[in-house]
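*Asks:* Could you have a look at this structure, given as C-alpha cells, before my questions?
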Amino acid sequence: MKSFQPRIVGFLCNWCSYAASDAAGGKKQPYPANFRVVRVMCSGRIEPQLVLKAFAEGADGVAILGCHPGDCHYKEGNYKALRRFAALKRMLDQLGIEEGRLILEWVSAAEGDKFIEVVRTLCDKVKALGPLHVARVAQDREPRRNRL
Amino acid sequence: MKPKIGVFVCECGPNIGERLDVPELVKFAQGLDGVGFARSHRLPCCSDGKKEMVEDIKAQQLTHVVVAGCSPRDHEATFMEVCREAGLNPHLFQMVNIREHCAWVIPDRQEATEKAKALVRAGVRRVVLHEALEDRTIDCVSDVMVVGAGPAGMEAALVLAHKGRHVTLLEKSPVIGGHAVRYEDLFPAMECAACMLEPKMEEVLHRHNITLLTCAEVEDVVGFFGNFTVKVRRHARRVDPAACIWCEECSKACPVSVPNEFHEGLAPRKAIYLPYPGALPNIAAIDYPNCLRSGGQDCHACADVCPFAAIHYDETDVVTDVHVGSVVLAVGFDLFDCRQIPNLGYGRIAEVYNNLEFERLLSVTGPSEGKLVMKNGQTPRSVAFVHCVGSRTPRFAPYCSGLCCMDAFKFSHLARKKASKDIQCFDIYRDLVAAGKGYHGLLDEQLAEGTEFIRTRDPNQVTVEAANGGCQLTIPQEGGSRKLSVDMVVLAAAVRPSADAAKLAQLFGVSIDADGFFSEEHGRLAPVSTTIGGVFIAGCAQGPKDVQASVAQADAAAGKILGTLLQGEKLPLPAITAHADAELCGGCKTCLSLCPYKAIHYVETEKRAEVNEALCKGCGTCAAACPTNAMQSRQFTRDQLFAEIEGLLS
C-alpha cells in the first residue's frame, strides 16, 4: 500500500515567507510535494475561516507563515496573525482537530533553508497524525456533547 | 458574458520544460471549467513570447488569463502588462508558480506535474472571480508643510522649494536654525556652525516659495495624503516684522529680566528680545507671559522708544488653515534633564553644566561671547566630561544617543582653543562611540593631546560634590573608586524626544516608538516615511542623530515627496486595497483600530465603516477581522481565496 501522503496548505505572506519559498526554490533543494501555497499580502489577512476552509476541503495540515516580529511589511500584521492563531488553536481543539495540524512560523525572505525545514517538519508531523477526518471527528464528539 | 480563460504554461526554457510533463499539464488545463484556450510556450516573458501572447489573447477573445510559470515576484508585472496591451484588464490575470514551487523542488516528474495541476486548477478557479479593477486617481495639492526649522526642516523646505514646491515652514520659536545654529563648531571637521547654517537660513527667509511662520504651532489636522488641511496657530509676536530692524532700543528700555532659554538660562534677557546676537529672523519678539502688560500693568516702555512704531500690543493669535499634500515633521529633540540623576550635581553645583550649556559657553553668540569662563569669571584649568548621562540607562534613555561622545571630544578641542592649550581634560566614559565618517580623527586628536580617558562601568554612578570653587568627582572603579578634582564638569546628556513629538504624533496619527521618537514606516526600507501616507519624519524627531544624518534624512523625505506627489498630476491610488460593503457593514468598528494606516473611518450618519483608498496599503488585516464579511480585500477576497483553496485540494 502506498504510504499516506498528506495534503498541506501553506498561507504565505507576499513579503517574507513567500519570498522564502522562492528562495527555497532557487536553491533547488527538494522538499515534500505535499505542500501547496496560497499567497496573501500579509499574514494579518489570514482569517480563521480560511484555515477552517482548508481543513474542510481536505487539508491534513495548515501552515501560516509570516514575517518575523518587527519585520512585517505592514508594521504589525504578523502580531494580529499571532493573536488569531492563538484563538484558532483553541477552536480547532474543540473541533477535535489535533494540535500540530496547524502551525504558525516566522520565515524571513532570506530563510529559504528554514522554509524547507518548516515544511519537512510539518509534513512528518502530519504524516504521523494520519489523515484528518473532519466528519468522523464530529461524530466522535457527539456522545461527549450529550453527556454535558 | 461566459468566461473564456486562457492558460499559458511557460516552459521557462529547460527550467520547467525538462522537469514537468508540460503537454500533460496543458491537456489538464484544457479540461478545466471555463478554460477555452491553453498552450505552452518556451519563454513567454521574452519579447517574441509576449507578442504571441498578446495575439492569442486578442484572437481567442480571452476574458481571463492564467500564466503558469515562475514566481509572481519575477514576472507578474510583465504579464499584467501583456494583458493590458491585449486590451484585457490586467487584474483579470493570475500567476501560478510552478517553477519555484514544483519544477525546482520536486525531483519526481510525475509528482511535480500533479502538484502543478493542482496549482493551475486553483489559479483557474480563482481568476474567474477577479474584478476588473480600474486605475483610479484623486486630486491632490502639491504644496508641502514642514514642521520645525532646524537643520533638517530647513533642508527639506529648501530641496522642495528648489523644485518649485510651495512650502509652509512652521517654527515654534521666534527664530530659526534649531539647536545646531547656537553651537560654536560642528564635529567632525570643526566648522563654524553659524557660518554653515546661515546661508540656508537666509535662503529660507528670502525664497519666494517658502512661507516661514515663526511662533507657530500645529493645532489640528484633517485629511490625508494629497489633501491635508492643517490648522496653524500663529502666536502673536506683537512686533511688526516689516517695520522692526532690531535696533535693540526696546530691549534696553524693557524693565523685565528673565533667564534666556536660548542661552540655556546662563544669562538673562528682557521680555522684548532677540534670542541671541545674529538670530534670524533679526526681529524682536515680545514674550507676552513675562511682559508686565500680561499682568495688567500699563507698561509701554518699549513702544515709547521704538523709532519705527513696530510694536503692537493689541496683536492677537491668528489661526489659519493651510492646505498641503504632504507634511515633514522635523521637530528636533529636547535634552535629558540631568536633575533626574542627583548624584551628578546638576542644578545643585554651580560648575556642573550640561552639553547645551557648554555649547553656549563656547559660542561667540553665547552669554560670554565665546570666552570659556566659570561663573566666578575665572578661566577653568581643568574640565571633566561625563559621558552617557541618562543614555543606556533603562530608567531614562535605554539607547545610545550616538553623538554625546563626539560632543565631548569637540568640547576638549574647543576648551584647549578657548581657555588654554594646557587645560586638563578628562573623559569619564563607559564606551566610546566615534563611528561616523571622519569621526575617529577627533578621538585620535584627544588621545594625542593628552585628554585622560577614565573608564567606569556606568558614568551615571559618578558622584559630584562642590569643592574649592570647583568640583570633586568620585568615579567608581574596579575594587574601589577614584577621586578627581576639576574646575568644571560637563554632563554629556542623552538626546530625548521633543516635548512636541507626542502631541504631533497624536494629531497626525503617527506612531511613537518605545523611546518616544516618531516611528518609521519600516526601520530599514522606509526610514523617513510613517505609516500615515504623506507624513514624513526627519532629524532627531525620528531618533538621536548628528547634523549630517539629519540633513540626509531631510533630503530623503523631500525626495520621497517629489517622487510621489507630482505637481499638476493626480495621485494614483493603489489597485489592491480594502473596501467596505455599505450594505453588509454593521458598524461594529472592529476594523478601525486594526488598520495600521488609519485608512478606515466611521461614517457617523450611516453608522458604517469606510476605507480611504488613498491611505490603504492592502494588507487585508481589516478583511480578516470583519465579522460580517463587509470588508473585502481586493484581489484577496474571501471568495477568491476560498476558490483557490478548493482548487488546491479538490
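As shown in the C-alpha cells, the chain order sets the letters A, B, ...; within each chain, residues go from 1, and ligands are also counted from 1 in the order they appear.
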When you get a sec, could you note down which chain B residues fall within 6 Å of chain A, using only C-alpha atoms, as number ranges by chain?
*Replies:* B: 100, 104-106, 619-621, 624
*Asks:* Give me every strand (DSSP E) residue in range 68-268 of chain B, going by DSSP on the backbone, as a ChimeraX atom specification.
*Replies:* /B:68-69,93-97,136-138,144-147,167-170,185-186,191-192,210-213,216-224,227-234,258-259,268
*Asks:* Report as a list in words all protein, DNA and RNA residues lying within 10 Å of Phe228 in chain B, evaluated on only C-alpha atoms, omitting residues in the same chain fewer than 3 positions from it.
*Replies:*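 These residues fall inside the cut-off: Cys140, Val141, Asp143, Val144, Met145, Val221, Val222, Gly223, Phe224, Phe225, Lys231, Asp321, Val322, His323, Val324, Gly325, Ser326, Val327, Phe508, Gly534 and Val535 of chain B.
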*Asks:* Rank nothing, just name the residue among B:Ile16, B:Cys83, B:Glu155, B:Ala132 nearest to Ala112 in chain B, using only C-alpha atoms.
*Replies:*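 For Ala112 in chain B, the nearest of the given residues is B:Ile16.
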*Asks:* Residues near Lys2 in chain B, anyone? I mean within 9 Å using only C-alpha atoms, not counting same-chain ones fewer than 2 positions away, as a ChimeraX atom specification.
*Replies:* /B:4,34,63
*Asks:* Store the residues picked out above in a file with C-alpha atoms, as a JSON list (two decimals), in the first residue's frame.
*Replies:*
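Below is the file that was written, out.json:
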```json
[["chain", "number", "residue", "atom", "x", "y", "z"],
["B", 4, "LYS", "CA", -13.13, 32.15, -21.64],
["B", 34, "GLY", "CA", -14.13, 27.88, -18.01],
["B", 63, "THR", "CA", -11.74, 37.05, -20.75]]
```
*Asks:* Show me, as a PyMOL selection string, the residues that have an atom within 6 Å of range 514-518 of chain B when counting only C-alpha atoms, minus same-chain residues fewer than 3 positions from it.
*Replies:* chain B and resi 497+541-543
*Asks:* Determine which residues of range 37-137 of chain A DSSP labels as helix (DSSP H, G or I) from the backbone of this structure, then write them out as a ChimeraX atom specification.
*Replies:* /A:43-45,48-56,77-95,112-129,134-137
*Asks:* Selected residues, C-alpha atoms, written as a PDB file, in the first residue's frame, please.
*Replies:*
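Dumped everything to out05.pdb:
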```pdb
ATOM      1  CA  SER A  43      -0.244  37.072   7.416  1.00  0.00           C
ATOM      2  CA  GLY A  44      -2.661  39.560   9.003  1.00  0.00           C
ATOM      3  CA  ARG A  45      -5.058  38.702   6.149  1.00  0.00           C
ATOM      4  CA  PRO A  48      -9.818  31.736  10.795  1.00  0.00           C
ATOM      5  CA  GLN A  49     -12.346  30.889   8.082  1.00  0.00           C
ATOM      6  CA  LEU A  50      -9.556  30.384   5.545  1.00  0.00           C
ATOM      7  CA  VAL A  51      -7.867  27.811   7.752  1.00  0.00           C
ATOM      8  CA  LEU A  52     -11.176  26.081   8.529  1.00  0.00           C
ATOM      9  CA  LYS A  53     -11.984  26.082   4.823  1.00  0.00           C
ATOM     10  CA  ALA A  54      -8.689  24.352   4.079  1.00  0.00           C
ATOM     11  CA  PHE A  55      -9.409  21.662   6.674  1.00  0.00           C
ATOM     12  CA  ALA A  56     -12.958  21.308   5.398  1.00  0.00           C
ATOM     13  CA  GLY A  77       0.029  42.274  10.631  1.00  0.00           C
ATOM     14  CA  ASN A  78       2.026  39.320  11.924  1.00  0.00           C
ATOM     15  CA  TYR A  79       1.123  40.177  15.518  1.00  0.00           C
ATOM     16  CA  LYS A  80      -2.514  40.111  14.517  1.00  0.00           C
ATOM     17  CA  ALA A  81      -1.921  36.735  12.865  1.00  0.00           C
ATOM     18  CA  LEU A  82      -0.357  35.515  16.101  1.00  0.00           C
ATOM     19  CA  ARG A  83      -3.367  36.535  18.168  1.00  0.00           C
ATOM     20  CA  ARG A  84      -5.799  34.944  15.735  1.00  0.00           C
ATOM     21  CA  PHE A  85      -3.663  31.814  15.660  1.00  0.00           C
ATOM     22  CA  ALA A  86      -3.883  31.500  19.440  1.00  0.00           C
ATOM     23  CA  ALA A  87      -7.674  31.779  19.353  1.00  0.00           C
ATOM     24  CA  LEU A  88      -7.946  29.467  16.362  1.00  0.00           C
ATOM     25  CA  LYS A  89      -5.898  26.735  18.023  1.00  0.00           C
ATOM     26  CA  ARG A  90      -8.384  26.594  20.875  1.00  0.00           C
ATOM     27  CA  MET A  91     -11.220  26.365  18.398  1.00  0.00           C
ATOM     28  CA  LEU A  92      -9.515  23.546  16.478  1.00  0.00           C
ATOM     29  CA  ASP A  93      -9.038  21.688  19.720  1.00  0.00           C
ATOM     30  CA  GLN A  94     -12.760  21.915  20.382  1.00  0.00           C
ATOM     31  CA  LEU A  95     -13.419  20.625  16.865  1.00  0.00           C
ATOM     32  CA  GLY A 112      14.941  29.504   2.290  1.00  0.00           C
ATOM     33  CA  ASP A 113      16.505  26.789   4.426  1.00  0.00           C
ATOM     34  CA  LYS A 114      14.194  27.486   7.320  1.00  0.00           C
ATOM     35  CA  PHE A 115      11.225  27.349   4.953  1.00  0.00           C
ATOM     36  CA  ILE A 116      12.264  23.860   3.805  1.00  0.00           C
ATOM     37  CA  GLU A 117      12.809  22.781   7.404  1.00  0.00           C
ATOM     38  CA  VAL A 118       9.366  24.051   8.437  1.00  0.00           C
ATOM     39  CA  VAL A 119       7.687  22.241   5.533  1.00  0.00           C
ATOM     40  CA  ARG A 120       9.525  18.970   6.240  1.00  0.00           C
ATOM     41  CA  THR A 121       8.792  19.080   9.945  1.00  0.00           C
ATOM     42  CA  LEU A 122       5.112  19.792   9.393  1.00  0.00           C
ATOM     43  CA  CYS A 123       4.820  17.019   6.795  1.00  0.00           C
ATOM     44  CA  ASP A 124       6.419  14.494   9.127  1.00  0.00           C
ATOM     45  CA  LYS A 125       4.188  15.559  11.973  1.00  0.00           C
ATOM     46  CA  VAL A 126       1.019  15.349   9.885  1.00  0.00           C
ATOM     47  CA  LYS A 127       2.079  12.003   8.447  1.00  0.00           C
ATOM     48  CA  ALA A 128       2.434  10.712  11.978  1.00  0.00           C
ATOM     49  CA  LEU A 129      -1.014  12.050  12.885  1.00  0.00           C
ATOM     50  CA  VAL A 134     -13.440  16.069   9.883  1.00  0.00           C
ATOM     51  CA  ALA A 135     -16.741  14.220   9.591  1.00  0.00           C
ATOM     52  CA  ARG A 136     -15.517  11.406  11.837  1.00  0.00           C
ATOM     53  CA  VAL A 137     -14.243  13.887  14.339  1.00  0.00           C
TER      54      VAL A 137
END
```
*Asks:* When you look at Gln632 in chain B with a cut-off of 9 Å (counting only C-alpha atoms), what residues show up, excluding the ones that are within fewer than 4 positions of it in the same chain? I need them as a PyMOL selection string.
*Replies:* chain B and resi 577-581+620+622-624+626+636-638
*Asks:* Can I get the selected residues back with N, CA and C atoms, as a PDB file, in the first residue's frame?
*Replies:*
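Written out: part00.pdb:
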```pdb
ATOM      1  N   THR B 577      -6.631  47.326  -2.610  1.00  0.00           N
ATOM      2  CA  THR B 577      -6.982  47.982  -1.355  1.00  0.00           C
ATOM      3  C   THR B 577      -8.174  47.247  -0.767  1.00  0.00           C
ATOM      4  N   ALA B 578      -8.553  47.681   0.431  1.00  0.00           N
ATOM      5  CA  ALA B 578      -9.761  47.125   1.032  1.00  0.00           C
ATOM      6  C   ALA B 578     -10.926  48.044   0.706  1.00  0.00           C
ATOM      7  N   HIS B 579     -12.113  47.481   0.702  1.00  0.00           N
ATOM      8  CA  HIS B 579     -13.278  48.357   0.646  1.00  0.00           C
ATOM      9  C   HIS B 579     -14.415  47.724   1.431  1.00  0.00           C
ATOM     10  N   ALA B 580     -15.227  48.589   2.010  1.00  0.00           N
ATOM     11  CA  ALA B 580     -16.294  48.091   2.896  1.00  0.00           C
ATOM     12  C   ALA B 580     -17.621  48.154   2.155  1.00  0.00           C
ATOM     13  N   ASP B 581     -18.315  47.042   2.138  1.00  0.00           N
ATOM     14  CA  ASP B 581     -19.632  46.988   1.517  1.00  0.00           C
ATOM     15  C   ASP B 581     -20.620  47.688   2.452  1.00  0.00           C
ATOM     16  N   GLY B 620      -4.982  43.760   4.229  1.00  0.00           N
ATOM     17  CA  GLY B 620      -6.119  42.851   4.401  1.00  0.00           C
ATOM     18  C   GLY B 620      -6.425  42.467   5.836  1.00  0.00           C
ATOM     19  N   CYS B 622      -7.974  44.134   8.029  1.00  0.00           N
ATOM     20  CA  CYS B 622      -9.354  44.507   8.344  1.00  0.00           C
ATOM     21  C   CYS B 622     -10.330  43.461   7.822  1.00  0.00           C
ATOM     22  N   ALA B 623     -10.044  42.974   6.601  1.00  0.00           N
ATOM     23  CA  ALA B 623     -10.930  41.978   5.992  1.00  0.00           C
ATOM     24  C   ALA B 623     -10.942  40.713   6.826  1.00  0.00           C
ATOM     25  N   ALA B 624      -9.766  40.372   7.373  1.00  0.00           N
ATOM     26  CA  ALA B 624      -9.670  39.146   8.162  1.00  0.00           C
ATOM     27  C   ALA B 624     -10.499  39.238   9.440  1.00  0.00           C
ATOM     28  N   CYS B 626     -13.309  41.223   9.880  1.00  0.00           N
ATOM     29  CA  CYS B 626     -14.693  41.692   9.717  1.00  0.00           C
ATOM     30  C   CYS B 626     -15.680  40.564   9.988  1.00  0.00           C
ATOM     31  N   PHE B 636      -7.850  39.698  -2.952  1.00  0.00           N
ATOM     32  CA  PHE B 636      -7.696  38.688  -1.913  1.00  0.00           C
ATOM     33  C   PHE B 636      -9.004  38.579  -1.134  1.00  0.00           C
ATOM     34  N   THR B 637     -10.116  38.563  -1.864  1.00  0.00           N
ATOM     35  CA  THR B 637     -11.412  38.460  -1.199  1.00  0.00           C
ATOM     36  C   THR B 637     -11.566  37.043  -0.654  1.00  0.00           C
ATOM     37  N   ARG B 638     -12.498  36.913   0.256  1.00  0.00           N
ATOM     38  CA  ARG B 638     -12.721  35.600   0.843  1.00  0.00           C
ATOM     39  C   ARG B 638     -13.139  34.611  -0.254  1.00  0.00           C
TER      40      ARG B 638
END
```
*Asks:* Using only C-alpha atoms, which of B:Met190, B:Met154, B:Leu205, B:Val551 sits nearest Asp407 in chain B?
*Replies:*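 When distances to Asp407 in chain B are compared using only C-alpha atoms, the smallest one comes from B:Met190.
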*Asks:* Which residues are close to Lys545 in chain B, i.e. within 10 Å by only C-alpha atoms, leaving aside same-chain residues fewer than 2 positions away? Reply as a VMD selection string.
*Replies:* chain B and resid 332 to 333 401 to 404 495 539 to 543 547 to 551
